[in-house]
>>> print(open('my_file-v8.txt').read())   # compact mmCIF, C-alpha atoms and all ligand atoms
# COMPACT_ATOMS: atom_id res chain seq x y z
CA MET A 1 -58.05 -63.96 -5.41
CA LEU A 2 -55.05 -64.83 -7.60
CA ARG A 3 -51.76 -65.04 -5.69
CA VAL A 4 -48.72 -63.99 -7.72
CA LEU A 5 -45.07 -64.09 -6.64
CA VAL A 6 -42.64 -61.98 -8.68
CA TRP A 7 -39.05 -63.22 -8.36
CA ASN A 8 -36.11 -61.10 -9.48
CA GLU A 9 -32.37 -61.62 -9.06
CA PHE A 10 -32.25 -57.84 -8.38
CA TYR A 11 -28.65 -57.29 -9.38
CA HIS A 12 -28.48 -54.83 -12.30
CA GLU A 13 -30.86 -52.39 -10.60
CA GLN A 14 -28.39 -52.07 -7.72
CA THR A 15 -25.15 -52.04 -9.71
CA HIS A 16 -25.85 -50.54 -13.13
CA GLU A 17 -26.66 -46.81 -13.17
CA ARG A 18 -29.04 -46.92 -16.12
CA ALA A 19 -30.98 -49.91 -14.81
CA LYS A 20 -31.11 -48.27 -11.38
CA ALA A 21 -32.49 -45.06 -12.89
CA ILE A 22 -35.23 -46.91 -14.79
CA TYR A 23 -36.16 -49.35 -12.00
CA PRO A 24 -35.16 -47.62 -8.74
CA HIS A 25 -37.03 -50.20 -6.65
CA GLY A 26 -36.19 -53.14 -8.90
CA ILE A 27 -37.90 -54.81 -11.84
CA HIS A 28 -39.90 -56.97 -9.41
CA ARG A 29 -41.50 -53.87 -7.86
CA ALA A 30 -42.33 -52.40 -11.28
CA ILE A 31 -44.07 -55.64 -12.27
CA ALA A 32 -45.85 -55.95 -8.92
CA ASP A 33 -47.11 -52.37 -9.20
CA PHE A 34 -48.96 -52.90 -12.48
CA LEU A 35 -50.26 -56.36 -11.60
CA GLN A 36 -51.67 -55.53 -8.19
CA CYS A 37 -55.46 -55.09 -8.40
CA ASP A 38 -58.67 -56.08 -6.64
CA ASP A 39 -58.39 -59.77 -7.48
CA ILE A 40 -54.61 -60.17 -7.87
CA GLN A 41 -52.45 -60.20 -4.76
CA VAL A 42 -48.74 -59.76 -5.52
CA LYS A 43 -45.72 -60.59 -3.40
CA THR A 44 -42.07 -60.30 -4.39
CA ALA A 45 -38.88 -62.21 -3.63
CA THR A 46 -35.27 -61.80 -4.68
CA LEU A 47 -31.94 -63.59 -4.60
CA GLU A 48 -31.12 -61.66 -1.43
CA ASP A 49 -33.90 -63.36 0.53
CA GLU A 50 -33.11 -66.44 2.53
CA ASN A 51 -33.49 -69.48 0.28
CA CYS A 52 -34.31 -66.98 -2.52
CA GLY A 53 -37.60 -66.35 -0.70
CA ILE A 54 -38.86 -69.67 -2.02
CA THR A 55 -39.94 -72.57 0.13
CA LYS A 56 -42.43 -75.37 -0.38
CA GLU A 57 -44.88 -73.46 1.83
CA VAL A 58 -44.44 -70.23 -0.17
CA LEU A 59 -45.05 -72.03 -3.45
CA ALA A 60 -48.11 -73.80 -2.03
CA GLU A 61 -49.61 -70.33 -1.56
CA THR A 62 -48.55 -69.11 -5.02
CA ASP A 63 -50.79 -69.51 -8.06
CA VAL A 64 -48.39 -67.92 -10.54
CA LEU A 65 -44.64 -67.42 -10.21
CA ILE A 66 -42.98 -64.80 -12.45
CA TRP A 67 -39.21 -65.05 -12.92
CA TRP A 68 -36.64 -62.46 -14.05
CA GLY A 69 -32.93 -63.31 -13.89
CA HIS A 70 -29.85 -62.63 -15.97
CA VAL A 71 -26.30 -62.86 -14.56
CA ARG A 72 -26.94 -64.63 -11.25
CA HIS A 73 -28.72 -67.75 -12.48
CA ASN A 74 -25.97 -69.96 -11.04
CA LEU A 75 -26.54 -68.60 -7.52
CA VAL A 76 -30.04 -70.05 -7.36
CA PRO A 77 -29.64 -73.29 -5.36
CA ASN A 78 -30.65 -76.49 -7.09
CA GLU A 79 -32.99 -77.29 -4.19
CA VAL A 80 -34.96 -74.12 -5.03
CA VAL A 81 -35.04 -75.10 -8.70
CA GLU A 82 -36.45 -78.51 -7.80
CA LEU A 83 -39.15 -76.93 -5.64
CA VAL A 84 -40.17 -74.63 -8.49
CA ARG A 85 -40.12 -77.43 -11.06
CA ASP A 86 -42.23 -79.71 -8.87
CA ALA A 87 -44.74 -76.92 -8.14
CA VAL A 88 -45.18 -76.33 -11.88
CA LEU A 89 -45.61 -80.07 -12.53
CA GLU A 90 -48.33 -80.07 -9.87
CA GLY A 91 -50.12 -77.18 -11.58
CA MET A 92 -48.62 -73.83 -10.49
CA GLY A 93 -48.52 -71.31 -13.34
CA MET A 94 -45.13 -69.90 -14.36
CA ILE A 95 -44.03 -66.93 -16.46
CA PHE A 96 -40.41 -66.50 -17.52
CA LEU A 97 -39.41 -63.02 -18.68
CA HIS A 98 -36.62 -61.98 -21.03
CA SER A 99 -33.20 -63.32 -19.91
CA ALA A 100 -34.89 -65.92 -17.70
CA HIS A 101 -34.52 -68.08 -20.81
CA HIS A 102 -31.22 -69.16 -19.22
CA SER A 103 -32.57 -69.55 -15.69
CA LYS A 104 -32.23 -72.92 -14.03
CA PRO A 105 -35.99 -73.46 -13.56
CA PHE A 106 -36.68 -72.73 -17.26
CA LYS A 107 -34.02 -75.16 -18.40
CA ALA A 108 -35.14 -77.77 -15.85
CA LEU A 109 -38.70 -77.59 -17.16
CA LEU A 110 -37.83 -77.55 -20.87
CA GLY A 111 -34.79 -79.82 -20.92
CA THR A 112 -32.77 -78.02 -23.61
CA SER A 113 -29.92 -75.46 -23.53
CA CYS A 114 -32.36 -72.56 -24.22
CA HIS A 115 -29.53 -70.75 -26.02
CA LEU A 116 -30.33 -67.96 -28.48
CA THR A 117 -28.50 -65.27 -30.43
CA TRP A 118 -28.40 -61.76 -28.97
CA ARG A 119 -27.08 -58.25 -29.45
CA GLU A 120 -27.39 -54.98 -27.55
CA SER A 121 -27.66 -52.37 -30.29
CA GLY A 122 -30.88 -50.58 -29.37
CA ASP A 123 -32.93 -52.14 -32.17
CA SER A 124 -36.64 -51.48 -32.19
CA GLU A 125 -38.92 -54.50 -32.08
CA VAL A 126 -42.33 -55.25 -33.52
CA LEU A 127 -44.15 -58.01 -31.66
CA TRP A 128 -46.59 -59.73 -33.99
CA VAL A 129 -49.61 -61.60 -32.67
CA ILE A 130 -49.80 -65.14 -34.04
CA GLU A 131 -53.08 -66.16 -32.34
CA PRO A 132 -55.45 -63.18 -32.03
CA SER A 133 -58.13 -65.35 -30.40
CA HIS A 134 -55.90 -66.50 -27.54
CA PRO A 135 -56.62 -65.10 -24.03
CA ILE A 136 -52.99 -63.91 -23.67
CA THR A 137 -53.11 -61.75 -26.82
CA GLN A 138 -56.39 -60.01 -25.96
CA GLY A 139 -56.14 -56.23 -26.17
CA ILE A 140 -53.15 -56.22 -28.51
CA ASP A 141 -54.84 -56.57 -31.92
CA ARG A 142 -52.20 -57.33 -34.59
CA TYR A 143 -48.93 -56.11 -33.14
CA PHE A 144 -47.21 -53.66 -30.84
CA THR A 145 -43.88 -51.88 -31.09
CA LEU A 146 -41.08 -51.34 -28.58
CA GLU A 147 -38.78 -48.44 -29.40
CA HIS A 148 -35.73 -50.21 -28.00
CA GLU A 149 -35.19 -53.76 -26.87
CA GLU A 150 -32.23 -56.12 -26.67
CA THR A 151 -32.17 -58.13 -29.87
CA TYR A 152 -32.85 -61.83 -29.42
CA GLY A 153 -32.67 -64.08 -32.48
CA GLU A 154 -33.19 -67.61 -33.64
CA PRO A 155 -32.20 -70.32 -33.26
CA PHE A 156 -33.83 -70.34 -29.83
CA VAL A 157 -32.98 -73.81 -28.55
CA ILE A 158 -36.28 -74.78 -26.93
CA PRO A 159 -38.67 -77.64 -27.54
CA THR A 160 -41.31 -76.66 -30.09
CA PRO A 161 -43.81 -74.61 -28.02
CA ASP A 162 -47.29 -76.03 -27.49
CA LYS A 163 -48.48 -72.66 -28.76
CA LEU A 164 -46.58 -69.80 -30.32
CA LEU A 165 -48.36 -66.53 -29.52
CA PHE A 166 -45.88 -63.81 -30.58
CA ILE A 167 -43.04 -63.44 -33.04
CA GLY A 168 -40.66 -60.54 -32.45
CA SER A 169 -39.20 -58.77 -35.49
CA PHE A 170 -36.17 -56.55 -34.87
CA SER A 171 -35.02 -53.56 -36.91
CA GLY A 172 -31.63 -55.29 -37.29
CA GLY A 173 -33.32 -58.11 -39.19
CA GLU A 174 -33.68 -60.91 -36.64
CA VAL A 175 -36.91 -62.67 -35.81
CA PHE A 176 -37.56 -64.49 -32.53
CA ARG A 177 -40.28 -66.66 -30.98
CA ALA A 178 -41.12 -63.99 -28.42
CA GLY A 179 -44.21 -65.47 -26.74
CA CYS A 180 -44.28 -69.23 -26.20
CA LEU A 181 -46.65 -71.44 -24.22
CA PHE A 182 -45.69 -74.81 -22.83
CA GLU A 183 -47.49 -77.36 -20.69
CA ARG A 184 -45.49 -79.46 -18.26
CA GLY A 185 -47.40 -81.87 -16.03
CA ASN A 186 -50.44 -80.01 -14.73
CA GLY A 187 -48.73 -76.62 -15.12
CA LYS A 188 -48.78 -73.97 -17.79
CA ILE A 189 -45.61 -72.01 -18.65
CA PHE A 190 -45.39 -68.78 -20.64
CA TYR A 191 -42.10 -67.37 -21.90
CA PHE A 192 -42.19 -63.70 -22.93
CA GLN A 193 -39.06 -62.12 -24.42
CA PRO A 194 -39.29 -58.32 -23.84
CA GLY A 195 -37.75 -56.92 -20.65
CA HIS A 196 -34.10 -55.87 -20.96
CA GLU A 197 -33.00 -54.05 -17.80
CA THR A 198 -31.71 -50.87 -19.48
CA PHE A 199 -34.95 -50.13 -21.33
CA PRO A 200 -38.26 -49.13 -19.69
CA THR A 201 -40.01 -52.17 -21.18
CA PHE A 202 -42.12 -53.04 -18.14
CA TYR A 203 -43.72 -49.58 -18.16
CA GLN A 204 -45.09 -50.12 -21.69
CA ALA A 205 -48.86 -50.66 -21.71
CA PRO A 206 -48.92 -53.55 -24.23
CA VAL A 207 -46.22 -55.44 -22.28
CA GLN A 208 -48.24 -54.98 -19.10
CA THR A 209 -51.39 -56.17 -20.89
CA VAL A 210 -49.70 -59.37 -22.08
CA ILE A 211 -48.24 -60.18 -18.66
CA ARG A 212 -51.58 -59.46 -16.96
CA ASN A 213 -53.37 -61.73 -19.46
CA ALA A 214 -50.71 -64.40 -19.02
CA VAL A 215 -51.07 -64.40 -15.22
CA ARG A 216 -54.78 -65.16 -15.58
CA PHE A 217 -54.19 -67.77 -18.28
CA VAL A 218 -51.46 -69.81 -16.60
CA ALA A 219 -53.16 -69.74 -13.18
CA PRO A 220 -53.94 -73.31 -12.10
CA THR A 221 -57.24 -74.93 -12.95
CA TYR A 222 -56.13 -78.18 -11.28
CA ARG A 223 -53.30 -78.60 -8.82
CA ALA A 224 -52.18 -81.92 -7.38
CA ARG A 225 -49.19 -84.18 -7.43
CA THR A 226 -49.84 -87.00 -9.85
CA GLY A 227 -48.28 -90.11 -8.37
CA CYS A 228 -47.69 -93.57 -9.72
CA PRO A 229 -50.11 -95.78 -7.73
CA HIS A 230 -50.64 -99.49 -8.23
CA VAL A 231 -54.36 -99.92 -8.87
CA ARG A 232 -56.74 -102.86 -8.97
CA LYS A 233 -59.09 -103.15 -11.89
CA ILE A 234 -62.57 -101.74 -11.59
CA THR A 235 -64.59 -104.82 -10.65
CA ASP A 236 -68.13 -105.70 -11.58
CA GLU A 237 -69.16 -104.28 -8.20
CA GLY A 238 -67.55 -100.98 -9.07
CA ASP A 239 -64.78 -101.53 -6.52
CA TYR A 240 -61.95 -99.07 -7.20
CA VAL A 241 -59.08 -99.21 -4.73
CA LEU A 242 -55.86 -97.24 -4.82
CA LYS A 243 -52.90 -99.02 -3.31
CA ASN A 244 -49.91 -96.72 -3.07
CA HIS A 245 -46.51 -98.22 -2.62
ZN ZN A 301 -31.29 -58.33 -21.55
>>> encode(input="my_file-v8.txt", output="structure tokens")
Amino acid sequence: MLRVLVWNEFYHEQTHERAKAIYPHGIHRAIADFLQCDDIQVKTATLEDENCGITKEVLAETDVLIWWGHVRHNLVPNEVVELVRDAVLEGMGMIFLHSAHHSKPFKALLGTSCHLTWRESGDSEVLWVIEPSHPITQGIDRYFTLEHEETYGEPFVIPTPDKLLFIGSFSGGEVFRAGCLFERGNGKIFYFQPGHETFPTFYQAPVQTVIRNAVRFVAPTYRARTGCPHVRKITDEGDYVLKNH
């Protein structure tokens, strides 16, 4: 059983009429609804929950954390960010969606400004598959199209991804590294650009397919804190002793 936690700042869907109409129960619920299945158990948490709904114990029982945030990034306490960062370094999988490019955990894990260029003009977007053999792109074939999406453009100030899986091409002319994989410590991180709150992006079948694939791909295969122990050499007798200090 894969355990997924979907985190959402849950602000626009309570304050912006169009976002509320599209996601009446919040983006987190829409994502949870299409992910939930026989072998994926989904929980949700929002900024309104105590401690953002994130504690060390919660993360210990989370295989993959999905994050959506936009205008309330600064209200996420740094202690929560450190918990998330450490969980990823130990092996928890993490998916950042759309405007989570500016979230504190994303920037803490990548170490750059994560700035990009953007415009809300209702452009359409074609998302082109770069690696058709990759588990995350299965079921997409060559590309898929979104009728409307917020335009994100380069330069996207991130470290060069370990794998680039999608490039987005907007009708206004911009291109954007729309699906990026990173490894940090024992953890795998996927950034996926579609998901503006005033478009029904998370109801689109190809978007759901990619996120579903990504959940399975970034789920931990090994999860442990890697320390910095002082070790003796392996002796002729095969003695191997860890001495933590
Ligand atoms: Zn947006």
>>> atom_distance(input="my_file-v8.txt", atom1="atom CA of Phe34 of chain A", atom2="atom CA of Phe96 of chain A")
16.8 Å
>>> closest_residue(input="my_file-v8.txt", among="A:Ile136, A:Val126, A:Ala219, A:Cys114", to="Glu149 of chain A", atoms="all atoms listed in the file")
A:Val126
>>> residues_near_ligand(input="my_file-v8.txt", ligand="ligand ZN 301 (chain A)", cutoff="8 Å", atoms="all atoms listed in the file", output="list in words")
His70, His98, Ser99, Glu120, Glu150, Gly195, His196, Glu197 and Thr198 of chain A
>>> write_last_selection(input="my_file-v8.txt", atoms="C-alpha atoms", output="PDB file, in the frame of the given file")
ATOM      1  CA  HIS A  70     -29.850 -62.630 -15.970  1.00  0.00           C
ATOM      2  CA  HIS A  98     -36.620 -61.980 -21.030  1.00  0.00           C
ATOM      3  CA  SER A  99     -33.200 -63.320 -19.910  1.00  0.00           C
ATOM      4  CA  GLU A 120     -27.390 -54.980 -27.550  1.00  0.00           C
ATOM      5  CA  GLU A 150     -32.230 -56.120 -26.670  1.00  0.00           C
ATOM      6  CA  GLY A 195     -37.750 -56.920 -20.650  1.00  0.00           C
ATOM      7  CA  HIS A 196     -34.100 -55.870 -20.960  1.00  0.00           C
ATOM      8  CA  GLU A 197     -33.000 -54.050 -17.800  1.00  0.00           C
ATOM      9  CA  THR A 198     -31.710 -50.870 -19.480  1.00  0.00           C
TER      10      THR A 198
END
>>> closest_residue(input="my_file-v8.txt", among="A:Thr201, A:Ile95, A:Thr221, A:Leu2", to="Ile22 of chain A", atoms="only C-alpha atoms")
A:Thr201
>>> closest_residue(input="my_file-v8.txt", among="A:Arg3, A:Lys107, A:His134, A:Arg72", to="Leu35 of chain A", atoms="all atoms listed in the file")
A:Arg3
>>> closest_residue(input="my_file-v8.txt", among="A:Val42, A:Val129, A:Ala87, A:Leu116", to="Tyr222 of chain A", atoms="only C-alpha atoms")
A:Ala87
>>> decode(input="my_file-v8.txt", residues="segment 74-108 of chain A", atoms="N, CA, C and O atoms", output="mmCIF file, in the first residue's frame")
data_model
loop_
_atom_site.group_PDB
_atom_site.id
_atom_site.type_symbol
_atom_site.label_atom_id
_atom_site.label_comp_id
_atom_site.auth_asym_id
_atom_site.auth_seq_id
_atom_site.Cartn_x
_atom_site.Cartn_y
_atom_site.Cartn_z
ATOM 1 N N ASN A 74 5.019 31.885 2.399
ATOM 2 C CA ASN A 74 5.748 32.419 3.558
ATOM 3 C C ASN A 74 5.095 32.064 4.891
ATOM 4 O O ASN A 74 5.690 32.258 5.945
ATOM 5 N N LEU A 75 3.862 31.547 4.858
ATOM 6 C CA LEU A 75 3.199 31.166 6.113
ATOM 7 C C LEU A 75 3.539 29.734 6.544
ATOM 8 O O LEU A 75 3.115 29.286 7.610
ATOM 9 N N VAL A 76 4.268 29.027 5.718
ATOM 10 C CA VAL A 76 4.699 27.677 6.106
ATOM 11 C C VAL A 76 5.922 27.825 7.013
ATOM 12 O O VAL A 76 6.952 28.371 6.592
ATOM 13 N N PRO A 77 5.804 27.383 8.273
ATOM 14 C CA PRO A 77 6.921 27.586 9.220
ATOM 15 C C PRO A 77 8.195 26.868 8.766
ATOM 16 O O PRO A 77 8.134 25.774 8.196
ATOM 17 N N ASN A 78 9.318 27.488 9.066
ATOM 18 C CA ASN A 78 10.596 26.893 8.666
ATOM 19 C C ASN A 78 10.811 25.516 9.294
ATOM 20 O O ASN A 78 11.466 24.658 8.702
ATOM 21 N N GLU A 79 10.222 25.302 10.483
ATOM 22 C CA GLU A 79 10.386 23.982 11.124
ATOM 23 C C GLU A 79 9.716 22.895 10.272
ATOM 24 O O GLU A 79 10.225 21.780 10.161
ATOM 25 N N VAL A 80 8.575 23.244 9.655
ATOM 26 C CA VAL A 80 7.882 22.298 8.770
ATOM 27 C C VAL A 80 8.735 22.040 7.531
ATOM 28 O O VAL A 80 8.881 20.902 7.075
ATOM 29 N N VAL A 81 9.325 23.098 7.009
ATOM 30 C CA VAL A 81 10.171 22.958 5.815
ATOM 31 C C VAL A 81 11.349 22.020 6.107
ATOM 32 O O VAL A 81 11.681 21.160 5.297
ATOM 33 N N GLU A 82 11.932 22.174 7.288
ATOM 34 C CA GLU A 82 13.072 21.321 7.640
ATOM 35 C C GLU A 82 12.648 19.858 7.792
ATOM 36 O O GLU A 82 13.380 18.956 7.364
ATOM 37 N N LEU A 83 11.461 19.644 8.343
ATOM 38 C CA LEU A 83 10.960 18.268 8.456
ATOM 39 C C LEU A 83 10.780 17.639 7.078
ATOM 40 O O LEU A 83 11.152 16.482 6.847
ATOM 41 N N VAL A 84 10.199 18.414 6.159
ATOM 42 C CA VAL A 84 9.962 17.907 4.801
ATOM 43 C C VAL A 84 11.294 17.640 4.101
ATOM 44 O O VAL A 84 11.501 16.576 3.508
ATOM 45 N N ARG A 85 12.201 18.603 4.193
ATOM 46 C CA ARG A 85 13.514 18.430 3.552
ATOM 47 C C ARG A 85 14.217 17.179 4.078
ATOM 48 O O ARG A 85 14.709 16.357 3.290
ATOM 49 N N ASP A 86 14.222 17.023 5.398
ATOM 50 C CA ASP A 86 14.920 15.869 5.975
ATOM 51 C C ASP A 86 14.263 14.557 5.563
ATOM 52 O O ASP A 86 14.952 13.561 5.317
ATOM 53 N N ALA A 87 12.921 14.546 5.488
ATOM 54 C CA ALA A 87 12.224 13.320 5.078
ATOM 55 C C ALA A 87 12.598 12.949 3.648
ATOM 56 O O ALA A 87 12.783 11.769 3.325
ATOM 57 N N VAL A 88 12.706 13.952 2.771
ATOM 58 C CA VAL A 88 13.100 13.667 1.385
ATOM 59 C C VAL A 88 14.538 13.138 1.360
ATOM 60 O O VAL A 88 14.836 12.143 0.680
ATOM 61 N N LEU A 89 15.428 13.767 2.114
ATOM 62 C CA LEU A 89 16.828 13.311 2.128
ATOM 63 C C LEU A 89 16.935 11.869 2.620
ATOM 64 O O LEU A 89 17.811 11.118 2.201
ATOM 65 N N GLU A 90 16.001 11.474 3.496
ATOM 66 C CA GLU A 90 16.001 10.097 3.988
ATOM 67 C C GLU A 90 15.366 9.130 2.990
ATOM 68 O O GLU A 90 15.529 7.918 3.107
ATOM 69 N N GLY A 91 14.618 9.657 2.008
ATOM 70 C CA GLY A 91 14.066 8.763 0.994
ATOM 71 C C GLY A 91 12.607 8.981 0.628
ATOM 72 O O GLY A 91 12.114 8.369 -0.322
ATOM 73 N N MET A 92 11.869 9.839 1.371
ATOM 74 C CA MET A 92 10.469 10.073 1.015
ATOM 75 C C MET A 92 10.380 10.687 -0.390
ATOM 76 O O MET A 92 11.184 11.547 -0.749
ATOM 77 N N GLY A 93 9.409 10.241 -1.165
ATOM 78 C CA GLY A 93 9.198 10.809 -2.494
ATOM 79 C C GLY A 93 8.462 12.130 -2.391
ATOM 80 O O GLY A 93 7.672 12.347 -1.464
ATOM 81 N N MET A 94 8.704 13.040 -3.351
ATOM 82 C CA MET A 94 8.077 14.369 -3.280
ATOM 83 C C MET A 94 7.715 14.837 -4.677
ATOM 84 O O MET A 94 8.504 14.714 -5.614
ATOM 85 N N ILE A 95 6.504 15.370 -4.796
ATOM 86 C CA ILE A 95 6.049 15.931 -6.080
ATOM 87 C C ILE A 95 5.616 17.372 -5.832
ATOM 88 O O ILE A 95 4.760 17.637 -4.977
ATOM 89 N N PHE A 96 6.211 18.297 -6.562
ATOM 90 C CA PHE A 96 5.830 19.703 -6.478
ATOM 91 C C PHE A 96 5.047 20.066 -7.729
ATOM 92 O O PHE A 96 5.500 19.795 -8.844
ATOM 93 N N LEU A 97 3.858 20.680 -7.522
ATOM 94 C CA LEU A 97 2.987 20.998 -8.648
ATOM 95 C C LEU A 97 2.918 22.505 -8.883
ATOM 96 O O LEU A 97 2.774 23.290 -7.942
ATOM 97 N N HIS A 98 3.002 22.869 -10.152
ATOM 98 C CA HIS A 98 2.736 24.226 -10.611
ATOM 99 C C HIS A 98 3.473 25.288 -9.773
ATOM 100 O O HIS A 98 4.688 25.273 -9.731
ATOM 101 N N SER A 99 2.720 26.185 -9.099
ATOM 102 C CA SER A 99 3.352 27.314 -8.408
ATOM 103 C C SER A 99 4.102 26.909 -7.142
ATOM 104 O O SER A 99 4.626 27.779 -6.442
ATOM 105 N N ALA A 100 4.169 25.636 -6.859
ATOM 106 C CA ALA A 100 5.029 25.159 -5.770
ATOM 107 C C ALA A 100 6.502 25.318 -6.126
ATOM 108 O O ALA A 100 7.375 25.018 -5.310
ATOM 109 N N HIS A 101 6.772 25.820 -7.344
ATOM 110 C CA HIS A 101 8.174 26.110 -7.689
ATOM 111 C C HIS A 101 8.767 27.150 -6.744
ATOM 112 O O HIS A 101 9.976 27.231 -6.589
ATOM 113 N N HIS A 102 7.887 27.978 -6.124
ATOM 114 C CA HIS A 102 8.380 28.991 -5.186
ATOM 115 C C HIS A 102 8.140 28.603 -3.735
ATOM 116 O O HIS A 102 8.307 29.430 -2.841
ATOM 117 N N SER A 103 7.738 27.357 -3.496
ATOM 118 C CA SER A 103 7.499 26.937 -2.114
ATOM 119 C C SER A 103 8.826 26.800 -1.378
ATOM 120 O O SER A 103 9.870 26.544 -1.977
ATOM 121 N N LYS A 104 8.758 26.964 -0.078
ATOM 122 C CA LYS A 104 9.981 26.856 0.730
ATOM 123 C C LYS A 104 10.631 25.472 0.639
ATOM 124 O O LYS A 104 11.853 25.388 0.526
ATOM 125 N N PRO A 105 9.845 24.371 0.689
ATOM 126 C CA PRO A 105 10.523 23.065 0.611
ATOM 127 C C PRO A 105 11.243 22.855 -0.728
ATOM 128 O O PRO A 105 12.327 22.278 -0.765
ATOM 129 N N PHE A 106 10.644 23.336 -1.834
ATOM 130 C CA PHE A 106 11.276 23.169 -3.151
ATOM 131 C C PHE A 106 12.605 23.921 -3.184
ATOM 132 O O PHE A 106 13.638 23.371 -3.597
ATOM 133 N N LYS A 107 12.567 25.160 -2.704
ATOM 134 C CA LYS A 107 13.791 25.959 -2.737
ATOM 135 C C LYS A 107 14.834 25.405 -1.767
ATOM 136 O O LYS A 107 16.031 25.438 -2.056
ATOM 137 N N ALA A 108 14.372 24.858 -0.633
ATOM 138 C CA ALA A 108 15.317 24.285 0.333
ATOM 139 C C ALA A 108 16.015 23.063 -0.254
ATOM 140 O O ALA A 108 17.193 22.819 0.005
#
